[in-house]
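Raw contents of input16.txt, compact mmCIF, C-alpha atoms:
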```txt
# COMPACT_ATOMS: atom_id res chain seq x y z
CA MET M 27 -35.62 -37.06 -16.38
CA THR M 28 -35.84 -34.84 -19.46
CA SER M 29 -37.78 -31.58 -19.69
CA ALA M 30 -40.26 -33.06 -22.15
CA LEU M 31 -41.23 -35.71 -19.62
CA LEU M 32 -41.57 -32.96 -17.03
CA TYR M 33 -44.25 -31.35 -19.20
CA ALA M 34 -45.93 -34.69 -19.80
CA GLY M 35 -46.07 -35.16 -16.01
CA ALA M 36 -47.48 -31.65 -15.56
CA GLY M 37 -50.07 -32.59 -18.20
CA VAL M 38 -51.12 -35.59 -16.12
CA VAL M 39 -51.51 -33.46 -12.99
CA LEU M 40 -53.43 -30.77 -14.90
CA PHE M 41 -55.80 -33.37 -16.31
CA ALA M 42 -56.47 -34.90 -12.89
CA VAL M 43 -57.04 -31.64 -10.99
CA ALA M 44 -59.24 -30.27 -13.78
CA LEU M 45 -61.28 -33.46 -13.90
CA LEU M 46 -61.76 -33.21 -10.14
CA ALA M 47 -62.91 -29.60 -10.48
CA LEU M 48 -65.26 -30.60 -13.27
CA PHE M 49 -67.05 -32.80 -10.74
CA LEU M 50 -66.77 -30.60 -7.66
CA ARG M 51 -67.49 -27.11 -8.99
CA ARG M 52 -71.12 -26.18 -9.47
CA HIS M 53 -70.94 -23.03 -11.54
CA LEU M 54 -71.15 -23.95 -15.24
CA LEU M 55 -68.55 -21.36 -16.28
CA ARG M 56 -66.13 -23.00 -13.83
CA LYS M 57 -66.93 -26.39 -15.33
CA LEU M 58 -66.20 -25.01 -18.78
CA MET M 59 -62.81 -23.69 -17.65
CA ALA M 60 -62.07 -27.03 -15.98
CA ALA M 61 -62.78 -28.84 -19.25
CA ASN M 62 -60.42 -26.42 -20.99
CA ILE M 63 -57.61 -27.03 -18.52
CA ALA M 64 -58.11 -30.80 -18.74
CA GLY M 65 -57.77 -30.46 -22.52
CA SER M 66 -54.55 -28.47 -22.11
CA GLY M 67 -53.26 -31.29 -19.91
CA VAL M 68 -53.95 -33.83 -22.63
CA PHE M 69 -52.19 -31.65 -25.22
CA LEU M 70 -49.14 -31.28 -22.96
CA PHE M 71 -49.01 -35.03 -22.42
CA LEU M 72 -49.25 -35.67 -26.16
CA LEU M 73 -46.42 -33.32 -27.05
CA GLY M 74 -44.31 -34.15 -24.02
CA THR M 75 -44.27 -37.85 -24.83
CA ALA M 76 -43.74 -37.25 -28.56
CA ALA M 77 -40.49 -35.34 -28.01
CA ASP M 78 -37.41 -37.44 -28.70
CA GLY M 79 -34.23 -35.94 -27.32
CA ASP M 80 -32.50 -33.57 -29.70
CA ALA M 81 -34.13 -34.87 -32.90
CA PRO M 82 -36.29 -32.29 -34.68
CA PRO M 83 -39.75 -32.31 -33.07
CA ASP M 84 -42.37 -34.50 -34.72
CA PRO M 85 -44.78 -32.21 -36.61
CA VAL M 86 -47.68 -34.67 -36.66
CA PRO M 87 -48.64 -34.39 -32.97
CA GLN M 88 -48.12 -30.62 -33.24
CA ALA M 89 -50.63 -30.48 -36.08
CA MET M 90 -53.02 -32.62 -34.03
CA VAL M 91 -52.73 -30.30 -31.02
CA LEU M 92 -53.21 -27.23 -33.23
CA THR M 93 -56.43 -28.79 -34.50
CA GLY M 94 -57.32 -29.57 -30.90
CA ILE M 95 -56.84 -25.93 -29.87
CA VAL M 96 -59.21 -24.80 -32.64
CA VAL M 97 -61.85 -27.30 -31.60
CA THR M 98 -61.45 -26.34 -27.93
CA VAL M 99 -62.00 -22.67 -28.69
CA SER M 100 -65.08 -23.47 -30.77
CA VAL M 101 -66.52 -25.66 -28.04
CA THR M 102 -65.76 -23.09 -25.33
CA ALA M 103 -67.43 -20.25 -27.22
CA TYR M 104 -70.44 -22.44 -27.95
CA GLY M 105 -70.53 -23.55 -24.33
CA VAL M 106 -70.63 -19.97 -23.08
CA ALA M 107 -73.42 -19.12 -25.54
CA LEU M 108 -75.36 -22.19 -24.43
CA LEU M 109 -74.80 -21.26 -20.80
CA ARG M 110 -76.13 -17.76 -21.41
CA ARG M 111 -79.29 -19.15 -22.99
CA PHE M 112 -79.65 -21.63 -20.13
CA ALA M 113 -79.24 -18.87 -17.56
CA ASP M 114 -81.93 -16.84 -19.27
CA GLU M 115 -84.37 -19.72 -19.45
CA THR M 116 -83.90 -20.83 -15.86
CA GLY M 117 -82.35 -17.92 -13.97
CA ARG M 118 -79.63 -20.26 -12.72
CA ASP M 119 -75.94 -20.76 -13.35
CA THR M 120 -75.82 -24.35 -12.10
CA LEU M 121 -77.48 -27.57 -13.11
CA THR M 122 -79.93 -29.22 -10.74
CA GLU M 123 -80.48 -32.92 -10.45
CA ASP M 124 -83.76 -32.94 -12.33
CA GLY M 125 -82.34 -31.07 -15.31
CA GLY M 126 -82.75 -27.54 -14.06
CA GLY M 127 -86.05 -26.36 -15.58
CA PRO M 128 -87.85 -23.45 -13.89
CA MET J 26 -30.27 -24.60 -16.21
CA MET J 27 -32.90 -25.24 -18.85
CA LEU J 28 -34.35 -27.96 -16.64
CA LEU J 29 -34.76 -25.29 -13.97
CA ILE J 30 -36.75 -23.09 -16.35
CA ASP J 31 -38.85 -26.02 -17.49
CA GLY J 32 -39.49 -26.97 -13.90
CA ALA J 33 -40.60 -23.43 -13.12
CA VAL J 34 -42.95 -23.35 -16.13
CA ALA J 35 -44.41 -26.78 -15.32
CA VAL J 36 -44.94 -25.93 -11.66
CA GLY J 37 -46.34 -22.54 -12.68
CA LEU J 38 -48.84 -24.23 -14.98
CA VAL J 39 -50.10 -26.53 -12.25
CA TRP J 40 -50.19 -23.71 -9.70
CA MET J 41 -52.15 -21.38 -11.99
CA ALA J 42 -54.53 -24.18 -12.92
CA LEU J 43 -55.18 -24.85 -9.23
CA ARG J 44 -55.74 -21.13 -8.62
CA ALA J 45 -58.09 -20.88 -11.61
CA LEU J 46 -60.05 -23.92 -10.53
CA ASN J 47 -60.28 -23.07 -6.84
CA ALA J 48 -60.48 -19.27 -6.75
CA ARG J 49 -63.26 -18.11 -4.47
CA ARG J 50 -64.45 -15.37 -6.80
CA LEU J 51 -65.40 -16.25 -10.35
CA THR J 52 -63.81 -13.10 -11.76
CA GLU J 53 -60.49 -14.11 -10.27
CA ALA J 54 -60.88 -17.63 -11.68
CA VAL J 55 -61.46 -16.30 -15.20
CA ILE J 56 -58.53 -13.90 -15.06
CA VAL J 57 -56.12 -16.52 -13.71
CA PHE J 58 -57.34 -18.92 -16.38
CA ILE J 59 -56.45 -16.39 -19.06
CA GLY J 60 -53.01 -16.04 -17.51
CA PHE J 61 -52.79 -19.84 -17.59
CA THR J 62 -53.15 -19.84 -21.40
CA GLY J 63 -50.21 -17.42 -21.53
CA VAL J 64 -48.03 -19.82 -19.53
CA MET J 65 -49.21 -22.64 -21.81
CA ALA J 66 -47.77 -20.64 -24.72
CA LEU J 67 -44.43 -20.59 -22.86
CA ALA J 68 -44.62 -24.35 -22.40
CA TRP J 69 -45.19 -24.79 -26.15
CA VAL J 70 -42.10 -22.70 -26.85
CA ARG J 71 -40.06 -24.90 -24.53
CA LEU J 72 -41.46 -28.02 -26.22
CA ARG J 73 -40.20 -26.55 -29.52
CA ALA J 74 -43.68 -26.04 -30.90
CA PRO J 75 -43.71 -22.33 -31.81
CA ASP J 76 -46.75 -22.80 -34.07
CA LEU J 77 -48.74 -23.89 -31.04
CA ALA J 78 -47.32 -21.08 -28.91
CA LEU J 79 -48.52 -18.51 -31.45
CA ALA J 80 -51.95 -20.10 -31.69
CA GLU J 81 -52.37 -20.42 -27.92
CA ALA J 82 -51.26 -16.84 -27.31
CA ALA J 83 -53.47 -15.43 -30.08
CA VAL J 84 -56.52 -17.34 -28.87
CA GLY J 85 -55.88 -16.84 -25.18
CA ALA J 86 -55.26 -13.12 -25.47
CA GLY J 87 -58.06 -12.51 -27.96
CA VAL J 88 -61.14 -14.62 -28.44
CA LEU J 89 -61.10 -16.47 -25.12
CA VAL J 90 -60.77 -13.28 -23.04
CA VAL J 91 -63.74 -11.65 -24.70
CA VAL J 92 -65.93 -14.75 -24.64
CA LEU J 93 -65.22 -15.56 -20.98
CA LEU J 94 -65.35 -12.02 -19.59
CA ASP J 95 -68.49 -11.26 -21.57
CA GLY J 96 -70.10 -14.46 -20.29
CA LEU J 97 -69.00 -13.57 -16.77
CA GLY J 98 -70.55 -10.12 -16.96
CA ARG J 99 -73.85 -11.49 -18.16
CA LEU J 100 -74.04 -14.12 -15.48
CA ALA J 101 -73.08 -11.80 -12.63
CA HIS J 102 -76.71 -10.90 -11.85
CA LEU J 103 -77.56 -14.50 -11.03
CA LEU J 104 -77.50 -15.50 -7.42
CA GLY J 105 -77.42 -19.22 -8.15
CA GLY J 106 -78.79 -21.10 -5.16
CA ARG J 107 -76.27 -23.73 -4.15
CA THR J 108 -77.13 -27.18 -2.96
CA PRO J 109 -74.17 -28.56 -1.01
CA LEU J 110 -72.31 -31.52 -2.43
CA ARG J 111 -72.64 -34.87 -0.73
CA ALA J 112 -69.93 -35.36 1.88
CA ALA J 113 -68.94 -38.67 0.29
CA ALA J 114 -68.22 -36.89 -3.00
CA VAL J 115 -66.06 -34.26 -1.31
CA VAL J 116 -63.94 -36.94 0.37
CA LEU J 117 -63.86 -39.58 -2.32
CA LEU J 118 -63.36 -37.58 -5.50
CA PRO J 119 -60.00 -36.04 -4.47
CA LEU J 120 -58.76 -39.51 -3.53
CA LEU J 121 -59.82 -40.87 -6.93
CA SER J 122 -58.11 -37.92 -8.57
CA LEU J 123 -54.88 -38.69 -6.70
CA ALA J 124 -55.14 -42.32 -7.76
CA LEU J 125 -55.57 -41.18 -11.36
CA VAL J 126 -52.38 -39.11 -11.13
CA ALA J 127 -50.48 -42.10 -9.69
CA VAL J 128 -51.71 -44.49 -12.40
CA LEU J 129 -51.04 -42.09 -15.26
CA LEU J 130 -47.57 -41.16 -13.99
CA ARG J 131 -46.78 -44.85 -13.64
CA ALA J 132 -47.96 -45.37 -17.24
CA LEU J 133 -45.82 -42.43 -18.34
CA GLY J 134 -42.79 -44.16 -16.86
CA ASP J 135 -43.60 -47.33 -18.79
CA LEU J 136 -43.72 -45.64 -22.19
CA PRO J 137 -40.88 -46.59 -24.56
CA SER J 138 -38.08 -44.05 -24.21
CA ALA J 139 -37.62 -43.53 -27.96
CA ALA J 140 -40.60 -42.01 -29.71
CA THR J 141 -41.75 -43.86 -32.80
CA GLY J 142 -43.66 -41.17 -34.62
CA LEU J 143 -44.28 -40.18 -38.19
CA GLY J 144 -41.70 -37.38 -37.92
CA PRO J 145 -39.00 -38.98 -40.10
CA ARG J 146 -41.49 -39.71 -42.87
CA VAL J 147 -42.75 -36.13 -42.81
CA PHE J 148 -39.21 -34.76 -43.09
CA ALA J 149 -38.43 -37.22 -45.89
CA ALA J 150 -41.40 -36.03 -47.94
CA LEU J 151 -41.16 -32.36 -46.96
CA GLU J 152 -39.62 -31.32 -50.28
CA GLN J 153 -42.65 -32.47 -52.23
CA SER J 154 -45.10 -30.70 -49.94
CA GLY J 155 -44.63 -27.22 -51.40
CA VAL J 156 -43.84 -25.61 -48.02
CA GLU J 157 -40.86 -25.71 -45.67
CA ASN J 158 -42.65 -25.54 -42.33
CA PRO J 159 -43.33 -29.19 -41.46
CA VAL J 160 -46.41 -28.35 -39.37
CA THR J 161 -47.97 -26.44 -42.28
CA ALA J 162 -47.04 -29.34 -44.56
CA VAL J 163 -48.91 -31.77 -42.29
CA LEU J 164 -51.90 -29.46 -41.90
CA LEU J 165 -52.39 -28.40 -45.49
CA ASN J 166 -50.87 -31.24 -47.47
CA PHE J 167 -50.28 -34.62 -45.82
CA ARG J 168 -53.31 -34.43 -43.57
CA GLY J 169 -55.36 -31.86 -45.45
CA PHE J 170 -58.49 -33.89 -44.78
CA ASP J 171 -58.19 -33.27 -41.02
CA THR J 172 -57.87 -29.55 -41.59
CA LEU J 173 -60.88 -29.61 -43.90
CA LEU J 174 -62.97 -31.17 -41.12
CA GLU J 175 -61.49 -28.77 -38.56
CA VAL J 176 -62.60 -25.65 -40.41
CA PHE J 177 -66.06 -27.14 -40.68
CA VAL J 178 -66.07 -27.64 -36.90
CA LEU J 179 -65.34 -23.93 -36.52
CA LEU J 180 -68.05 -22.95 -39.00
CA GLY J 181 -70.42 -25.43 -37.35
CA ALA J 182 -69.84 -23.88 -33.94
CA ALA J 183 -70.65 -20.42 -35.32
CA VAL J 184 -73.84 -21.77 -36.90
CA ALA J 185 -74.76 -23.57 -33.67
CA VAL J 186 -74.39 -20.34 -31.68
CA ALA J 187 -76.60 -18.52 -34.18
CA LEU J 188 -79.21 -21.26 -33.78
CA LEU J 189 -79.50 -20.45 -30.06
CA ARG J 190 -81.49 -17.34 -30.96
CA PRO J 191 -84.95 -17.56 -29.38
CA LEU J 192 -87.67 -17.70 -32.00
CA ASP J 193 -90.67 -16.11 -30.41
CA ARG J 194 -89.51 -13.31 -28.18
CA ALA J 195 -86.98 -10.61 -27.71
CA LEU J 196 -83.60 -11.60 -26.38
CA PRO J 197 -83.40 -11.46 -22.61
CA ARG J 198 -80.51 -9.97 -20.78
CA GLY J 199 -78.02 -12.82 -20.69
CA ALA J 200 -78.21 -13.73 -24.36
CA GLY J 201 -77.84 -11.28 -27.19
CA PRO J 202 -74.78 -10.17 -29.11
CA ILE J 203 -71.94 -8.29 -27.44
CA THR J 204 -72.58 -4.61 -27.51
CA ALA J 205 -70.19 -1.91 -28.46
CA GLY J 206 -68.64 -0.06 -25.58
CA PRO J 207 -68.63 3.71 -25.32
CA PRO J 208 -66.91 5.01 -28.46
CA GLN J 209 -65.24 7.97 -26.75
CA THR J 210 -62.74 6.57 -24.34
CA PRO J 211 -59.45 8.35 -25.08
CA MET J 212 -57.26 5.34 -24.49
CA ALA J 213 -59.28 2.90 -26.56
CA ASP J 214 -59.51 5.50 -29.32
CA TRP J 215 -55.78 6.07 -29.37
CA TYR J 216 -55.06 2.40 -29.14
CA ARG J 217 -57.40 0.93 -31.70
CA ARG J 218 -56.53 3.40 -34.45
CA ARG J 219 -52.89 2.33 -34.22
CA LEU J 220 -53.48 -1.30 -33.38
CA LEU J 221 -55.79 -2.25 -36.24
CA PRO J 222 -53.33 -1.61 -39.11
CA VAL J 223 -50.42 -3.15 -37.20
CA ALA J 224 -52.45 -6.25 -36.42
CA LEU J 225 -53.48 -6.56 -40.06
CA LEU J 226 -49.83 -6.39 -41.07
CA VAL J 227 -48.82 -9.00 -38.49
CA ALA J 228 -51.63 -11.30 -39.62
CA VAL J 229 -50.52 -11.11 -43.24
CA TYR J 230 -46.94 -11.74 -42.14
CA LEU J 231 -47.98 -14.79 -40.07
CA LEU J 232 -49.91 -16.14 -43.04
CA TRP J 233 -47.01 -15.66 -45.45
CA ALA J 234 -44.37 -16.88 -43.00
CA GLY J 235 -46.40 -20.03 -42.32
CA GLY J 236 -44.89 -21.58 -45.45
CA SER J 237 -41.37 -21.62 -44.09
CA ALA J 238 -41.48 -20.49 -40.45
CA PRO J 239 -43.91 -20.75 -37.53
CA GLY J 240 -47.26 -19.27 -38.47
CA GLY J 241 -50.14 -20.06 -40.76
CA ALA J 242 -53.82 -19.64 -41.37
CA PHE J 243 -55.03 -20.39 -37.88
CA GLN J 244 -52.56 -18.13 -36.09
CA ALA J 245 -53.28 -15.26 -38.49
CA GLY J 246 -57.03 -15.84 -38.32
CA SER J 247 -57.23 -15.88 -34.55
CA LEU J 248 -55.08 -12.76 -34.30
CA LEU J 249 -57.43 -10.98 -36.70
CA ALA J 250 -60.45 -12.20 -34.75
CA GLY J 251 -58.99 -10.82 -31.54
CA VAL J 252 -58.47 -7.42 -33.12
CA LEU J 253 -61.94 -7.47 -34.68
CA ALA J 254 -63.35 -8.19 -31.23
CA LEU J 255 -61.44 -5.23 -29.83
CA GLY J 256 -62.84 -3.12 -32.65
CA LEU J 257 -66.38 -4.25 -31.88
CA LEU J 258 -66.00 -3.50 -28.19
CA THR J 259 -64.60 -0.02 -28.80
CA GLY J 260 -67.41 0.86 -31.17
CA THR J 261 -65.50 0.75 -34.43
CA PRO J 262 -68.10 0.60 -37.16
CA LEU J 263 -67.31 -2.79 -38.67
CA ALA J 264 -69.48 -3.66 -41.62
CA GLY J 265 -72.72 -4.13 -39.75
CA ARG J 266 -74.05 -6.67 -42.22
CA PRO J 267 -74.16 -10.20 -40.85
CA ALA J 268 -74.55 -11.64 -44.35
CA ALA J 269 -71.04 -10.44 -45.23
CA ALA J 270 -69.60 -12.04 -42.09
CA TRP J 271 -71.30 -15.35 -42.89
CA ALA J 272 -70.05 -15.25 -46.47
CA ALA J 273 -66.52 -14.63 -45.18
CA ALA J 274 -66.86 -17.49 -42.69
CA ALA J 275 -67.97 -19.89 -45.40
CA ILE J 276 -65.60 -18.97 -48.23
CA GLY J 277 -62.59 -20.89 -46.90
CA PRO J 278 -64.33 -24.21 -46.20
CA VAL J 279 -66.22 -24.01 -49.51
CA ALA J 280 -63.04 -23.25 -51.46
CA PHE J 281 -61.33 -26.13 -49.67
CA VAL J 282 -64.05 -28.58 -50.74
CA LEU J 283 -64.05 -27.23 -54.30
CA ALA J 284 -60.28 -27.58 -54.52
CA ALA J 285 -60.48 -31.16 -53.23
CA LEU J 286 -63.11 -32.03 -55.84
CA LEU J 287 -61.27 -30.19 -58.59
CA PHE J 288 -58.05 -32.13 -57.99
CA ALA J 289 -60.02 -35.37 -57.79
CA VAL J 290 -61.74 -34.68 -61.12
CA GLY J 291 -58.41 -33.67 -62.63
CA GLY J 292 -57.13 -37.18 -62.12
CA HIS J 293 -55.34 -36.72 -58.81
CA GLY J 294 -56.55 -37.98 -55.47
CA VAL J 295 -58.93 -36.00 -53.29
CA LEU J 296 -56.86 -33.15 -51.78
CA GLN J 297 -53.81 -34.36 -53.67
CA TYR J 298 -52.19 -31.34 -55.28
CA PRO J 299 -50.96 -31.66 -58.89
CA PRO J 300 -47.14 -31.58 -59.13
CA GLY J 301 -45.81 -28.04 -59.13
CA TRP J 302 -49.07 -26.58 -57.84
CA ALA J 303 -48.68 -27.43 -54.18
CA LYS J 304 -47.23 -24.11 -53.03
CA ALA J 305 -49.74 -21.99 -54.94
CA ALA J 306 -52.66 -24.16 -53.85
CA ILE J 307 -51.59 -24.13 -50.19
CA LEU J 308 -51.04 -20.37 -50.16
CA GLY J 309 -54.37 -19.69 -51.86
CA LEU J 310 -56.29 -22.00 -49.56
CA GLU J 311 -54.53 -20.64 -46.49
CA SER J 312 -55.41 -17.06 -47.41
CA LEU J 313 -59.08 -17.91 -47.77
CA LEU J 314 -58.99 -20.00 -44.60
CA THR J 315 -57.49 -17.07 -42.68
CA VAL J 316 -60.44 -14.90 -43.70
CA SER J 317 -62.88 -17.64 -42.76
CA ILE J 318 -61.26 -18.46 -39.42
CA ALA J 319 -61.22 -14.78 -38.47
CA ALA J 320 -64.87 -14.38 -39.49
CA ALA J 321 -66.05 -17.56 -37.76
CA LEU J 322 -64.22 -16.70 -34.53
CA THR J 323 -65.63 -13.17 -34.63
CA LEU J 324 -69.14 -14.57 -35.07
CA LEU J 325 -68.45 -16.80 -32.06
CA VAL J 326 -67.33 -13.77 -30.05
CA ILE J 327 -70.41 -11.76 -31.04
CA GLY J 328 -72.59 -14.56 -29.76
CA ILE J 329 -76.30 -15.12 -30.08
CA PRO J 330 -77.61 -12.71 -32.74
CA ARG J 331 -80.66 -10.53 -32.32
CA ARG J 332 -84.02 -11.63 -33.63
CA ARG J 333 -84.72 -10.38 -37.12
CA ARG J 334 -87.20 -7.55 -37.36
CA PRO J 335 -90.49 -8.93 -38.68
```
Let's see the structure in the file written out as structure tokens.
Amino acid sequence: MTSALLYAGAGVVLFAVALLALFLRRHLLRKLMAANIAGSGVFLFLLGTAADGDAPPDPVPQAMVLTGIVVTVSVTAYGVALLRRFADETGRDTLTEDGGGP
Amino acid sequence: MMLLIDGAVAVGLVWMALRALNARRLTEAVIVFIGFTGVMALAWVRLRAPDLALAEAAVGAGVLVVVLLDGLGRLAHLLGGRTPLRAAAVVLLPLLSLALVAVLLRALGDLPSAATGLGPRVFAALEQSGVENPVTAVLLNFRGFDTLLEVFVLLGAAVAVALLRPLDRALPRGAGPITAGPPQTPMADWYRRRLLPVALLVAVYLLWAGGSAPGGAFQAGSLLAGVLALGLLTGTPLAGRPAAAWAAAAIGPVAFVLAALLFAVGGHGVLQYPPGWAKAAILGLESLLTVSIAAALTLLVIGIPRRRRP
């Protein structure tokens, strides 16, 4: 088992535990962090499986992950802003089943 | 030996993720999550992706910290009535999650052992790309179109946050831009006066080095954004004119589109640099993109702007 595969495996576990937390946690900030960690898991899997022994690392998946990091940051910042507006409108930090209006 | 280190980093990642996801107190969860991004940077180093390590560290230590801690502080006053989860969900979902791990690990074992990527083709064409760092070559030359869309995602997110401003009333407590902290804290004063110029220097270095070594527009831009956020929080008077920030956020994407059109009109493909111009074009575009990325990330950190005075 090579180290790259080790990271790919860690990526799988990260994705699964974060997905579970995305469902189980109620606080929206926790959900946002769970989505972030799930994304990190996907990135790790992508780069871990792309590595090929001692050959120079493939730059294409690296460029894809770099793009992914940018998009993740944008989405996270927007998510927090949206959450703040939602909290102000409803006085809550969780969603309710009927959509969460006051 | 290296396998031992990799094992420690991989286990550390999973452990920190579990702590961040399951911490009882939200503050603890946020802080562990920020530590998690630091360990991710280590993992990128071990996967021989120093460009990603720089980006992850710059983002995790800068923009993400401010956005998450600021959000946390604003939500702290909420009590948030909890309705308990259904018992079936609490039992079933972890089992499904375990099954997912088993299936994906099994799939991982079935992947072909030799990667068949585009790597060799990138290295074969690297000499024509105008830069020596293969990741920069992919980002700014071979797959310039992706990067063009990416910077528009960033700009779009900043615009979307600005659109969250309520139209008809003053901003309530949770929304509203981040506010400057007290300007006279001795440590912040000492720190920011020395940190700002050093960070500017490092950002310019990262931008310049991106041609031949790890670094580039995004790493430099997110570093700058982190420092600008620190400046905002410590009450440094940063040009208080939003119009200037928006112009800075837009200049990179606009220049990128103009360059693409210009090359297309000049008889080359869209985003296909004329021979001999690649290095100059990439450096020019990257410089403008650094400014734009820093500005867009700073606008994202600032958050929902105040209502204009009527």
*asked:* With distances taken over only C-alpha atoms, which residue among J:Val64, J:Ala234, J:Leu283, J:Val326 lies nearest chain M?
replied: J:Val326
*Using only C-alpha atoms, find which residues of chain J lie within 7 Å of chain M and jot them down as a PyMOL selection string.*
chain J and resi 28+31+35+39+42+46+72-74+77+92+96+103+105+118-119+122+125-126+129-130+139-140+142-144+159-160+163-164+175+178-179+182+186+197+199-200+325+328-329
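Of note, atom CA of Arg99 of chain J and atom CA of Leu188 of chain J are spaced 19.2 Å apart.
Pairwise distance (atom CA of Asp76 of chain J, atom CA of Gly241 of chain J) equals 8.0 Å.
The interatomic distance for the pair atom CA of Val55 of chain J and atom CA of Val227 of chain J works out to 27.5 Å.
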To box segment 212-220 of chain J, take all atoms listed in the file, fit an axis-aligned box, add 6 Å on each side, and give centre and edge lengths in Å to one decimal, as lines of an AutoDock Vina configuration file.
```
center_x = -56.2
center_y = 2.4
center_z = -29.5
size_x = 18.6
size_y = 19.4
size_z = 22.0
```
